[in-house]
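A.B. asks: mmCIF, C-alpha atoms, file coords16.cif:
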data_target
#
loop_
_atom_site.label_atom_id
_atom_site.label_comp_id
_atom_site.auth_asym_id
_atom_site.auth_seq_id
_atom_site.Cartn_x
_atom_site.Cartn_y
_atom_site.Cartn_z
CA MET F 1 20.62 -1.36 29.97
CA ARG F 2 23.95 -2.11 28.22
CA ASP F 3 24.62 -5.79 27.52
CA THR F 4 27.81 -7.44 28.73
CA VAL F 5 30.35 -7.98 25.94
CA THR F 6 30.75 -11.66 25.08
CA ASP F 7 32.68 -13.55 22.45
CA ARG F 8 29.44 -14.84 20.92
CA PRO F 9 28.26 -12.42 18.25
CA ILE F 10 24.81 -11.18 17.45
CA ILE F 11 24.03 -12.22 13.88
CA LEU F 12 21.89 -9.78 11.91
CA VAL F 13 20.48 -11.19 8.69
CA GLY F 14 19.66 -8.69 5.95
CA PHE F 15 21.00 -5.15 5.75
CA VAL F 16 19.00 -2.22 7.09
CA ASN F 17 20.90 0.99 7.69
CA ALA F 18 20.20 1.10 11.42
CA LEU F 19 23.73 0.53 12.70
CA ALA F 20 23.91 3.92 14.39
CA GLU F 21 20.76 3.19 16.40
CA LEU F 22 22.03 -0.26 17.40
CA SER F 23 25.33 1.24 18.53
CA GLY F 24 23.41 2.99 21.28
CA PHE F 25 22.98 -0.26 23.20
CA LEU F 26 25.01 -3.06 21.59
CA PRO F 27 28.75 -3.43 22.32
CA GLU F 28 31.39 -2.55 19.74
CA GLY F 29 32.39 -5.48 17.58
CA SER F 30 29.38 -7.52 18.69
CA VAL F 31 27.56 -7.81 15.35
CA VAL F 32 28.09 -10.09 12.39
CA LEU F 33 26.01 -9.01 9.40
CA VAL F 34 24.93 -11.65 6.87
CA GLU F 35 23.72 -10.46 3.48
CA GLU F 36 23.37 -11.72 -0.08
CA PRO F 37 26.48 -10.96 -2.20
CA ASP F 38 24.44 -9.22 -4.90
CA VAL F 39 22.74 -6.98 -2.33
CA VAL F 40 26.09 -6.14 -0.72
CA ARG F 41 27.40 -5.05 -4.10
CA LYS F 42 24.32 -3.17 -5.30
CA ARG F 43 23.70 -1.29 -2.05
CA GLY F 44 27.31 -0.56 -1.19
CA VAL F 45 26.95 -2.38 2.12
CA ARG F 46 30.63 -3.12 2.66
CA ALA F 47 31.60 0.55 2.65
CA ILE F 48 28.87 1.29 5.20
CA VAL F 49 29.74 -1.48 7.64
CA ASP F 50 33.50 -0.87 7.35
CA SER F 51 32.94 2.49 9.01
CA SER F 52 30.83 1.03 11.84
CA PRO F 53 32.62 -0.02 15.05
CA LEU F 54 29.58 -2.17 15.84
CA VAL F 55 30.17 -4.69 13.03
CA ARG F 56 32.74 -7.40 13.65
CA GLU F 57 32.33 -8.98 10.21
CA LEU F 58 30.26 -8.82 7.06
CA VAL F 59 29.59 -12.30 5.69
CA GLU F 60 28.38 -12.50 2.10
CA TRP F 61 26.09 -15.53 1.99
CA GLU F 62 23.19 -16.55 -0.26
CA HIS F 63 20.86 -16.79 2.70
CA GLN F 64 17.64 -16.95 0.70
CA LEU F 65 18.46 -20.36 -0.82
CA PRO F 66 17.18 -23.67 0.63
CA GLY F 67 19.52 -25.17 3.22
CA ALA F 68 21.47 -21.91 3.54
CA ALA F 69 21.27 -21.69 7.33
CA ASP F 70 22.45 -25.26 7.90
CA ALA F 71 25.30 -24.76 5.45
CA PHE F 72 26.25 -21.53 7.20
CA PHE F 73 26.20 -23.23 10.61
CA ALA F 74 28.43 -26.02 9.31
CA ALA F 75 30.84 -23.67 7.55
CA ARG F 76 31.18 -21.11 10.35
CA PRO F 77 31.18 -22.89 13.73
CA ASP F 78 33.23 -19.97 15.05
CA LEU F 79 30.13 -17.76 14.71
CA HIS F 80 27.96 -19.61 17.22
CA ALA F 81 25.58 -16.75 17.92
CA SER F 82 24.21 -15.27 21.12
CA ALA F 83 21.23 -14.07 19.03
CA VAL F 84 20.03 -14.27 15.43
CA VAL F 85 17.83 -11.39 14.27
CA PRO F 86 16.21 -11.05 10.82
CA PHE F 87 16.11 -7.47 9.59
CA VAL F 88 14.32 -8.02 6.26
CA GLU F 89 11.40 -10.18 5.15
CA TYR F 90 13.40 -12.52 2.94
CA ALA F 91 15.82 -13.29 5.80
CA THR F 92 13.26 -14.72 8.21
CA PRO F 93 13.51 -18.45 7.35
CA PHE F 94 17.32 -18.37 7.43
CA ALA F 95 17.35 -16.53 10.76
CA ALA F 96 14.80 -18.88 12.31
CA ARG F 97 16.68 -22.00 11.25
CA LEU F 98 20.07 -20.62 12.29
CA ALA F 99 18.63 -19.71 15.70
CA GLU F 100 17.48 -23.32 16.07
CA ARG F 101 20.95 -24.61 15.22
CA CYS F 102 22.58 -22.14 17.63
CA GLY F 103 20.11 -22.93 20.42
CA VAL F 104 18.97 -19.31 20.85
CA PRO F 105 15.48 -17.76 20.80
CA GLY F 106 13.81 -17.51 17.40
CA ALA F 107 10.54 -17.72 15.55
CA GLY F 108 10.97 -21.39 14.70
CA PHE F 109 11.72 -22.54 11.18
CA GLY F 110 8.20 -23.88 10.65
CA ALA F 111 6.52 -20.65 11.75
CA ALA F 112 8.88 -18.53 9.65
CA GLY F 113 8.09 -20.64 6.59
CA LEU F 114 4.35 -20.27 7.10
CA MET F 115 4.60 -16.51 7.46
CA ARG F 116 6.80 -16.19 4.37
CA ASP F 117 4.23 -18.04 2.22
CA LYS F 118 0.91 -16.20 2.12
CA SER F 119 -0.87 -19.23 0.70
CA LEU F 120 0.29 -21.52 3.51
CA LEU F 121 -0.48 -18.87 6.12
CA ARG F 122 -4.05 -18.67 4.83
CA LYS F 123 -4.42 -22.44 4.92
CA VAL F 124 -3.20 -22.80 8.49
CA THR F 125 -4.92 -19.77 10.01
CA ARG F 126 -8.20 -20.56 8.26
CA ALA F 127 -8.06 -24.04 9.79
CA ALA F 128 -7.59 -22.36 13.18
CA GLY F 129 -10.81 -20.39 12.69
CA ILE F 130 -9.18 -17.04 11.93
CA PRO F 131 -11.17 -15.04 9.33
CA ASN F 132 -9.44 -14.95 5.93
CA PRO F 133 -10.58 -13.79 2.49
CA ALA F 134 -11.28 -16.42 -0.14
CA SER F 135 -7.95 -17.12 -1.84
CA GLU F 136 -6.55 -19.43 -4.53
CA ALA F 137 -3.21 -20.10 -6.15
CA VAL F 138 -3.38 -19.20 -9.85
CA GLU F 139 -1.14 -20.07 -12.77
CA SER F 140 -2.79 -18.17 -15.63
CA PRO F 141 -5.14 -15.28 -16.46
CA GLU F 142 -7.83 -17.92 -17.06
CA ASP F 143 -7.54 -19.01 -13.42
CA VAL F 144 -8.04 -15.40 -12.31
CA LEU F 145 -11.09 -14.99 -14.55
CA ARG F 146 -12.63 -18.19 -13.18
CA PHE F 147 -12.09 -16.97 -9.62
CA MET F 148 -13.72 -13.63 -10.45
CA ALA F 149 -16.72 -15.40 -11.90
CA GLU F 150 -17.08 -17.45 -8.71
CA HIS F 151 -16.50 -14.49 -6.38
CA PRO F 152 -18.37 -11.40 -7.61
CA GLY F 153 -16.79 -8.07 -6.76
CA PRO F 154 -13.21 -6.77 -6.76
CA VAL F 155 -10.27 -9.13 -6.27
CA VAL F 156 -6.60 -8.75 -5.36
CA LEU F 157 -3.90 -10.30 -7.52
CA LYS F 158 -0.65 -10.73 -5.60
CA PRO F 159 2.49 -12.86 -5.33
CA ALA F 160 2.59 -15.50 -2.60
CA ASP F 161 6.00 -14.56 -1.24
CA ARG F 162 7.00 -10.97 -1.91
CA GLN F 163 7.11 -7.85 0.29
CA GLY F 164 6.14 -4.18 0.19
CA ALA F 165 3.07 -4.66 -2.06
CA VAL F 166 5.37 -5.73 -4.90
CA GLY F 167 3.31 -7.26 -7.73
CA THR F 168 -0.02 -6.49 -6.03
CA ARG F 169 -3.02 -4.98 -7.77
CA ILE F 170 -6.73 -4.58 -7.11
CA LEU F 171 -8.94 -5.63 -10.06
CA HIS F 172 -12.52 -4.52 -10.56
CA ASP F 173 -13.22 -5.72 -14.09
CA PRO F 174 -12.36 -8.96 -15.90
CA ALA F 175 -11.08 -6.84 -18.79
CA GLU F 176 -8.18 -5.76 -16.56
CA VAL F 177 -6.91 -9.31 -16.06
CA PRO F 178 -4.60 -9.84 -19.09
CA GLY F 179 -2.66 -6.62 -18.53
CA ALA F 180 -2.61 -7.02 -14.75
CA TRP F 181 -1.32 -10.58 -15.04
CA GLU F 182 1.70 -9.43 -17.04
CA GLU F 183 2.31 -6.44 -14.75
CA CYS F 184 2.00 -8.32 -11.45
CA ARG F 185 4.36 -11.11 -12.46
CA VAL F 186 7.22 -8.62 -12.86
CA HIS F 187 8.83 -8.20 -9.43
CA ASP F 188 11.60 -5.67 -9.88
CA GLU F 189 12.90 -4.90 -6.39
CA GLY F 190 16.18 -3.52 -7.67
CA ALA F 191 19.03 -3.36 -5.17
CA MET F 192 16.95 -4.93 -2.42
CA VAL F 193 17.19 -8.50 -3.77
CA PRO F 194 19.78 -10.79 -5.40
CA ASP F 195 20.05 -10.89 -9.19
CA ARG F 196 19.34 -14.61 -9.61
CA PRO F 197 15.87 -15.57 -10.92
CA ARG F 198 13.18 -16.36 -8.37
CA ALA F 199 10.11 -18.46 -8.98
CA VAL F 200 6.86 -16.53 -9.43
CA ARG F 201 3.83 -17.89 -7.56
CA MET F 202 0.63 -15.89 -7.73
CA LEU F 203 -2.55 -15.73 -5.65
CA VAL F 204 -5.94 -14.21 -6.36
CA GLU F 205 -8.05 -13.22 -3.39
CA GLU F 206 -11.38 -11.72 -2.50
CA TYR F 207 -11.04 -7.97 -1.95
CA VAL F 208 -11.98 -7.11 1.63
CA ALA F 209 -13.44 -3.62 2.07
CA GLY F 210 -12.76 -2.05 5.44
CA HIS F 211 -10.26 -0.09 7.50
CA GLU F 212 -6.71 -1.39 7.74
CA TYR F 213 -4.60 -1.82 10.85
CA SER F 214 -1.40 -3.55 11.80
CA VAL F 215 -0.45 -5.12 15.11
CA GLU F 216 3.15 -5.03 16.29
CA MET F 217 4.23 -7.45 19.00
CA VAL F 218 7.39 -8.48 20.78
CA VAL F 219 6.92 -12.16 21.55
CA ARG F 220 8.80 -14.52 23.85
CA ASP F 221 8.04 -18.26 23.70
CA GLY F 222 4.70 -17.54 22.02
CA VAL F 223 3.61 -14.97 24.63
CA PRO F 224 3.25 -11.28 23.68
CA LEU F 225 5.31 -8.98 25.93
CA PHE F 226 4.41 -5.79 24.06
CA THR F 227 1.57 -4.90 21.72
CA ASN F 228 0.87 -1.83 19.60
CA VAL F 229 -1.89 -1.21 17.06
CA THR F 230 -1.16 1.03 14.06
CA ASP F 231 -3.80 2.76 11.95
CA LYS F 232 -3.03 2.52 8.21
CA LEU F 233 -3.95 4.63 5.19
CA LEU F 234 -3.42 3.62 1.54
CA TYR F 235 -2.76 5.63 -1.60
CA PRO F 236 -5.84 5.77 -3.82
CA GLY F 237 -5.74 3.61 -6.92
CA PRO F 238 -5.22 -0.02 -7.87
CA HIS F 239 -1.94 -0.59 -5.97
CA PRO F 240 -2.45 -1.00 -2.18
CA VAL F 241 0.66 0.91 -1.10
CA GLU F 242 0.67 2.49 2.35
CA LEU F 243 0.37 6.29 2.38
CA GLY F 244 0.50 6.83 6.13
CA HIS F 245 0.45 5.40 9.65
CA VAL F 246 -0.73 6.64 13.04
CA LEU F 247 0.17 4.91 16.31
CA PRO F 248 -1.21 4.03 18.72
CA ALA F 249 -4.32 3.75 16.56
CA PRO F 250 -7.20 5.97 17.77
CA ILE F 251 -9.68 3.11 18.23
CA GLU F 252 -12.00 1.78 20.92
CA ALA F 253 -10.52 -0.56 23.51
CA ASP F 254 -12.75 -3.43 22.35
CA LEU F 255 -11.42 -3.28 18.79
CA ALA F 256 -7.82 -3.02 20.03
CA ALA F 257 -8.42 -6.10 22.17
CA ASP F 258 -9.92 -7.97 19.21
CA LEU F 259 -6.92 -7.15 17.03
CA GLU F 260 -4.51 -8.25 19.77
CA ALA F 261 -6.44 -11.49 20.34
CA SER F 262 -6.55 -12.19 16.60
CA THR F 263 -2.79 -11.70 16.28
CA THR F 264 -2.18 -13.96 19.28
CA ALA F 265 -4.32 -16.58 17.54
CA VAL F 266 -2.00 -16.34 14.52
CA LEU F 267 0.97 -16.96 16.82
CA ARG F 268 -0.69 -20.09 18.18
CA ALA F 269 -1.73 -21.33 14.75
CA THR F 270 1.76 -20.99 13.30
CA GLY F 271 3.65 -22.07 16.42
CA PHE F 272 5.61 -18.82 16.50
CA GLY F 273 8.29 -18.79 19.21
CA SER F 274 10.20 -15.57 19.91
CA GLY F 275 10.66 -12.46 17.82
CA PHE F 276 9.00 -9.35 16.45
CA VAL F 277 5.66 -9.79 14.69
CA HIS F 278 3.98 -7.35 12.30
CA CYS F 279 0.47 -8.58 11.47
CA GLU F 280 -1.86 -6.76 9.07
CA TRP F 281 -5.66 -6.79 9.29
CA ILE F 282 -8.71 -5.31 7.56
CA VAL F 283 -11.70 -4.80 9.84
CA ARG F 284 -14.89 -5.67 7.97
CA ASP F 285 -18.21 -5.23 9.82
CA GLY F 286 -16.30 -5.12 13.10
CA VAL F 287 -14.39 -8.37 12.46
CA PRO F 288 -10.61 -8.45 11.84
CA VAL F 289 -9.80 -10.30 8.60
CA LEU F 290 -6.19 -11.41 8.13
CA VAL F 291 -4.17 -9.77 5.36
CA GLU F 292 -0.72 -11.18 6.13
CA CYS F 293 1.72 -11.58 9.01
CA ALA F 294 5.50 -11.11 9.09
CA GLY F 295 7.90 -12.40 11.72
CA ARG F 296 10.33 -9.46 11.69
CA PHE F 297 10.61 -5.73 12.32
CA PRO F 298 7.98 -3.71 10.44
CA GLY F 299 9.11 -1.29 7.78
CA ASP F 300 8.07 2.31 7.13
CA GLY F 301 9.79 3.56 10.28
CA ILE F 302 7.17 1.99 12.55
CA VAL F 303 9.74 0.86 15.13
CA GLU F 304 11.09 4.40 15.47
CA MET F 305 7.53 5.70 15.73
CA ILE F 306 6.78 3.19 18.49
CA GLU F 307 9.85 4.21 20.45
CA ARG F 308 9.04 7.90 20.14
CA ALA F 309 5.36 7.51 21.03
CA TYR F 310 5.90 5.12 23.95
CA GLU F 311 9.10 6.89 25.04
CA GLN F 312 10.84 3.55 25.64
CA PRO F 313 13.60 1.72 23.69
CA VAL F 314 11.39 -1.14 22.54
CA GLY F 315 13.96 -2.27 19.97
CA GLN F 316 16.58 -2.57 22.70
CA TYR F 317 14.20 -4.64 24.82
CA TYR F 318 13.53 -6.87 21.81
CA PHE F 319 17.25 -7.56 21.39
CA ALA F 320 17.40 -8.55 25.05
CA VAL F 321 14.61 -11.07 24.47
CA MET F 322 16.43 -12.51 21.46
CA ARG F 323 19.60 -12.90 23.53
CA GLY F 324 17.76 -14.67 26.33
CA ILE F 325 18.21 -11.68 28.66
CA GLU F 326 15.32 -10.57 30.85
CA PRO F 327 14.26 -7.13 29.54
CA PRO F 328 12.74 -4.31 31.61
CA GLU F 329 8.97 -4.22 31.65
CA PHE F 330 7.60 -3.17 28.28
CA PRO F 331 5.42 -0.03 28.18
CA ARG F 332 1.64 -0.46 28.13
CA THR F 333 0.55 3.05 27.14
CA ALA F 334 1.97 5.78 24.93
CA PRO F 335 2.31 9.36 26.23
CA GLN F 336 2.33 10.70 22.65
CA VAL F 337 1.06 9.79 19.18
CA ALA F 338 3.37 9.33 16.21
CA ALA F 339 2.36 9.63 12.57
CA VAL F 340 4.05 9.29 9.21
CA ARG F 341 2.72 10.59 5.91
CA PHE F 342 4.47 9.59 2.71
CA ALA F 343 4.92 11.98 -0.18
CA PRO F 344 2.31 12.18 -2.93
CA ALA F 345 2.94 9.80 -5.80
CA VAL F 346 5.17 11.28 -8.51
CA SER F 347 6.89 9.83 -11.54
CA GLY F 348 9.40 10.98 -14.11
CA GLU F 349 12.66 12.91 -13.82
CA ILE F 350 12.88 15.09 -10.71
CA LEU F 351 13.50 18.72 -11.70
CA GLU F 352 13.08 20.51 -8.38
CA ILE F 353 12.46 19.83 -4.68
CA THR F 354 11.26 22.69 -2.47
CA GLY F 355 9.72 23.15 0.97
CA LEU F 356 11.78 20.68 3.01
CA GLU F 357 13.27 23.37 5.24
CA ALA F 358 9.84 24.84 6.00
CA ALA F 359 8.42 21.40 6.75
CA ASN F 360 11.23 20.51 9.13
CA GLU F 361 10.79 23.79 11.04
CA LEU F 362 7.20 22.97 12.03
CA PRO F 363 6.89 22.22 15.78
CA GLY F 364 6.41 18.49 16.32
CA VAL F 365 8.04 17.39 13.06
CA VAL F 366 10.73 14.78 13.76
CA ARG F 367 11.97 14.93 10.21
CA CYS F 368 10.71 15.37 6.66
CA TRP F 369 12.72 14.17 3.69
CA ILE F 370 12.74 13.35 0.00
CA GLY F 371 15.11 10.51 -0.89
CA PRO F 372 15.82 10.75 -4.63
CA PRO F 373 17.87 13.81 -5.66
CA VAL F 374 17.18 16.23 -8.49
CA GLY F 375 17.92 14.48 -11.76
CA GLU F 376 16.87 10.99 -10.65
CA VAL F 377 14.08 9.23 -12.53
CA VAL F 378 11.22 8.03 -10.33
CA PRO F 379 8.98 5.20 -11.60
CA GLU F 380 5.21 5.15 -11.38
CA LEU F 381 4.06 4.18 -7.86
CA ARG F 382 3.39 0.44 -7.84
CA HIS F 383 4.96 -0.72 -4.58
CA SER F 384 6.56 0.61 -1.39
CA TRP F 385 10.05 1.05 -2.85
CA HIS F 386 8.64 3.65 -5.28
CA ARG F 387 7.69 6.14 -2.53
CA VAL F 388 9.99 9.16 -2.60
CA GLY F 389 9.82 10.58 0.92
CA ALA F 390 7.88 11.11 4.12
CA ALA F 391 7.22 13.24 7.17
CA VAL F 392 7.39 11.77 10.69
CA VAL F 393 5.76 13.74 13.50
CA LEU F 394 4.79 13.59 17.19
CA ALA F 395 1.72 15.19 18.77
CA PRO F 396 -0.50 14.80 21.85
CA THR F 397 -3.42 13.23 19.94
CA ALA F 398 -4.00 11.17 16.81
CA ALA F 399 -5.98 13.97 15.18
CA GLU F 400 -3.19 16.48 15.79
CA ALA F 401 -0.52 14.06 14.61
CA THR F 402 -2.40 13.28 11.41
CA ALA F 403 -3.02 16.96 10.67
CA LEU F 404 0.62 17.86 11.35
CA ALA F 405 1.96 15.06 9.13
CA GLU F 406 -0.33 16.19 6.31
CA LYS F 407 0.71 19.82 6.83
CA ALA F 408 4.40 18.98 6.81
CA MET F 409 4.15 16.91 3.64
CA GLY F 410 2.01 19.65 2.12
CA GLN F 411 4.92 22.08 2.43
CA VAL F 412 6.99 19.95 0.08
CA ARG F 413 6.80 20.19 -3.69
CA VAL F 414 8.50 17.71 -6.02
CA VAL F 415 8.48 18.83 -9.65
CA THR F 416 8.95 16.15 -12.31
CA ARG F 417 8.73 15.78 -16.05
CA PRO F 418 8.08 12.68 -18.13
CA VAL F 419 11.23 10.87 -19.17
CA GLY F 420 12.30 11.89 -22.65
CA SER F 421 10.42 15.18 -22.70
CA ALA F 422 12.22 18.48 -23.32
#
Represent the supplied structure as structure tokens.
C.D. replies:
Amino acid sequence: MRDTVTDRPIILVGFVNALAELSGFLPEGSVVLVEEPDVVRKRGVRAIVDSSPLVRELVEWEHQLPGAADAFFAARPDLHASAVVPFVEYATPFAARLAERCGVPGAGFGAAGLMRDKSLLRKVTRAAGIPNPASEAVESPEDVLRFMAEHPGPVVLKPADRQGAVGTRILHDPAEVPGAWEECRVHDEGAMVPDRPRAVRMLVEEYVAGHEYSVEMVVRDGVPLFTNVTDKLLYPGPHPVELGHVLPAPIEADLAADLEASTTAVLRATGFGSGFVHCEWIVRDGVPVLVECAGRFPGDGIVEMIERAYEQPVGQYYFAVMRGIEPPEFPRTAPQVAAVRFAPAVSGEILEITGLEAANELPGVVRCWIGPPVGEVVPELRHSWHRVGAAVVLAPTAAEATALAEKAMGQVRVVTRPVGSA
């Protein structure tokens, strides 16, 4: 299915280096990429897009500021889009509002705003009867201590509007609060965000013990066209960073149906229109409890894993939906199982990386990589951007996929030393 070339561009908001994949089904010169000027500079985006025949134009625009989409629409009437697609979390409100102004499918500005603000999402979904943990906005360590006194057991301290587990920590003891408060209010996302200061708004929440899953959906006018459930595994320790995924999740049909129904309830509660939804849940005593929900592509390579497991170009079908084109029927079952296992947590200066060749030669391994080169300094693992590599695999069953991903990552050895040591 190759779309007809039109003069109306597809506007992608937020840079993700997936231009080669998009070139497989989008026409040359059909894409306008919108990104924050600081991010363009820090990530070298212009050099990347200049070599892509897919990109018609790179527009540097401060899209994360209030009113940015309306200002963009007024300033660039020549870019009346055939579709507006957010590629990163912080782009979702801009993309939703610009889609409204262009009269093309989108999440809806109201729904995007609710999903970007974890506090508002809790308020609205709780009112709709969707199970949520106890949660409060906090402005000081004293607020956190009061919450802990009122809610015995572990709690989660987290920002209301960040991504990738940035600034998130599990607390078990009130004595941890002063240090955790200072740590969690520092949100250093490096090249992924603009340099200007951003307000810090913190939440403290009841810790929910249980197994974690995510639900991925392609949605048109509030109706799911495709649903996948992903099994999630976290690194041990106080920072809830994802260590691995398996999809489709090896769970009973009843639980899969409950997770799908719960995510559909979130769509109704927020008034979500059209787009890709990535909704995270913890199942406690058989009941899905909402963690958070994002109205954009999931990270961690989940879209690629979906396409490999289901053997269908789900991303291509999603772009058709966003352009108002009737897509082929979405797949209902997956012939294979995909898994990803991230590298063990390391920190310090990387001295040596071995085992990648052996890992990539294992049958069923799609690829295994370590991102930072020898000589780079890796920080202590506190959020998703600190992970150094991963193995992606395919296998006939979830058990085989999990074992193969672990085996592949086990071939790899990353040797580090503390910064400053001889």
A.B. asks: Give the answer as one residue: which of F:Ala127, F:Ser23, F:Ala209, F:Val204 has the shortest atom-to-atom distance to Glu150 (chain F), using only C-alpha atoms?
C.D. replies: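 Residue with the minimum atom-to-atom distance to Glu150 (chain F): F:Val204.
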A.B. asks: Using all atoms listed in the file, which residue out of F:Arg413, F:Arg169, F:Arg185, F:Arg97 lies closest to Glu206 (chain F)?
C.D. replies: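 Going through F:Arg413, F:Arg169, F:Arg185, F:Arg97 one by one, the smallest distance to Glu206 (chain F) is for F:Arg169.
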A.B. asks: Per residue of region 11-69 of chain F within 10 Å of region 312-332 of chain F, which atom pair is closest and at what distance in Å (one decimal), using all atoms listed in the file, listed by chain and increasing number, as a Markdown table?
C.D. replies:
| residue | atom | partner | partner_atom | distance |
| --- | --- | --- | --- | --- |
| F:Glu21 | CA | F:Gly315 | CA | 9.4 |
| F:Leu22 | CA | F:Gln316 | CA | 7.9 |
| F:Gly24 | CA | F:Gln316 | CA | 8.9 |
| F:Phe25 | CA | F:Gln316 | CA | 6.8 |
| F:Leu26 | CA | F:Gln316 | CA | 8.5 |
A.B. asks: Distance cut-off 10 Å, centre (-12.6, -10.7, -9.2) in file coordinates, counting all atoms listed in the file: which residues qualify? Return them as a PyMOL selection string.
C.D. replies: chain F and resi 144-157+170-174+176-177+204-207
A.B. asks: Run the PyMOL selection byres ((chain F and resi 135) around 8) on the file and write out the hits as a list in words.
C.D. replies: Ser119, Arg122, Pro133, Ala134, Glu136, Ala137, Leu203, Val204, Glu205 and Glu206 of chain F
A.B. asks: Suppose a student applies the PyMOL selection byres ((chain F and resi 73) around 12) to this structure; what residues should they get, written as a VMD selection string?
C.D. replies: chain F and resid 11 61 63 67 to 72 74 to 81 84 94 to 95 97 to 103
A.B. asks: Run through the PyMOL selection byres ((chain F and resi 106) around 6) on the given coordinates and return the selected residues as number ranges by chain.
C.D. replies: F: 96, 99, 105, 107-108, 273-275
A.B. asks: So how far away is CA of Leu54 (chain F) from CA of Pro27 (chain F), in Å?
C.D. replies: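 Going from CA of Pro27 (chain F) over to CA of Leu54 (chain F) covers 6.7 Å.
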A.B. asks: May I ask for the distance between CA of His386 (chain F) and CA of Pro238 (chain F), given in Å to one decimal place?
C.D. replies: 14.6 Å
A.B. asks: To one decimal place, how far is CA of Ala391 (chain F) from CA of Glu242 (chain F) in Å?
C.D. replies: 13.5 Å
A.B. asks: Nearest to Val223 (chain F): which of F:Glu252, F:Glu311, F:Asp195, F:Glu260 is it, counting all atoms listed in the file?
C.D. replies: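 Of F:Glu252, F:Glu311, F:Asp195, F:Glu260, the one nearest Val223 (chain F), counting all atoms listed in the file, is F:Glu260.
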A.B. asks: Kindly indicate which residue among F:Glu380, F:Asp221, F:Glu182, F:Glu62 lies nearest to Met202 (chain F), using all atoms listed in the file for the distances.
C.D. replies: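 Using all atoms listed in the file, the shortest distance to Met202 (chain F) belongs to F:Glu182.
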A.B. asks: Pick from F:Gly364, F:Met217, F:Gln64, F:Pro141: nearest to Gly179 (chain F), with all atoms listed in the file counted?
C.D. replies: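 Closest to Gly179 (chain F), using all atoms listed in the file: F:Pro141.
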A.B. asks: Pick from F:Val283, F:Val266, F:Ile350, F:Val337: nearest to Arg126 (chain F), with all atoms listed in the file counted?
C.D. replies: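 The shortest atom-to-atom distance to Arg126 (chain F) comes from F:Val266.
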A.B. asks: Step by step, gather every atom of region 396-411 of chain F that the file lists, find the box along x, y and z that holds them, add 5 Å on each side, and finally give centre and edge lengths in Å to one decimal, as AutoDock Vina command-line options.
C.D. replies:
--center_x -0.5 --center_y 16.6 --center_z 12.0 --size_x 20.9 --size_y 20.9 --size_z 29.7
A.B. asks: Any idea what's packed within 12 Å of Pro298 (chain F), counting only C-alpha atoms, ignoring anything in its chain fewer than 2 positions away? Could you give it as a PyMOL selection string?
C.D. replies: chain F and resi 16+86-89+163-164+214-218+228+230+245+275-280+293-296+300-306+315
A.B. asks: Could you pull the residues within 12 Å of Pro194 (chain F), counting all atoms listed in the file, minus those fewer than 4 positions along the same chain, as a list in words?
C.D. replies: Gly14, Glu35, Glu36, Pro37, Asp38, Val39, Val40, Arg41, Lys42, Arg43, Glu60, Trp61, Glu62, His63, Gln64, Leu65, Tyr90, His187, Asp188, Glu189, Gly190 and Arg198 of chain F
A.B. asks: What would region 70-80 of chain F look like if you wrote it out as a short mmCIF file (atom, residue, chain, number, x, y, z; two decimals), in the first residue's frame, with N, CA and C atoms included, from the block I just posted?
C.D. replies:
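Wrote out38.cif, looks like this:
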data_model
loop_
_atom_site.label_atom_id
_atom_site.label_comp_id
_atom_site.auth_asym_id
_atom_site.auth_seq_id
_atom_site.Cartn_x
_atom_site.Cartn_y
_atom_site.Cartn_z
N ASP F 70 -1.04 26.87 17.35
CA ASP F 70 -1.84 27.91 16.70
C ASP F 70 -0.94 28.94 16.02
N ALA F 71 0.18 29.28 16.67
CA ALA F 71 1.12 30.20 16.05
C ALA F 71 1.73 29.59 14.79
N PHE F 72 2.04 28.31 14.85
CA PHE F 72 2.60 27.62 13.69
C PHE F 72 1.59 27.62 12.54
N PHE F 73 0.34 27.32 12.85
CA PHE F 73 -0.70 27.28 11.82
C PHE F 73 -0.87 28.65 11.16
N ALA F 74 -0.79 29.70 11.98
CA ALA F 74 -0.94 31.05 11.44
C ALA F 74 0.27 31.46 10.61
N ALA F 75 1.47 31.04 11.05
CA ALA F 75 2.69 31.46 10.37
C ALA F 75 2.98 30.67 9.10
N ARG F 76 2.50 29.42 9.05
CA ARG F 76 2.82 28.56 7.91
C ARG F 76 1.56 27.99 7.26
N PRO F 77 0.71 28.84 6.70
CA PRO F 77 -0.49 28.32 6.03
C PRO F 77 -0.17 27.46 4.82
N ASP F 78 1.05 27.58 4.30
CA ASP F 78 1.47 26.75 3.17
C ASP F 78 1.66 25.30 3.57
N LEU F 79 1.75 25.03 4.87
CA LEU F 79 1.98 23.66 5.35
C LEU F 79 0.70 23.05 5.91
N HIS F 80 -0.41 23.28 5.23
CA HIS F 80 -1.67 22.69 5.67
C HIS F 80 -1.57 21.17 5.47
#
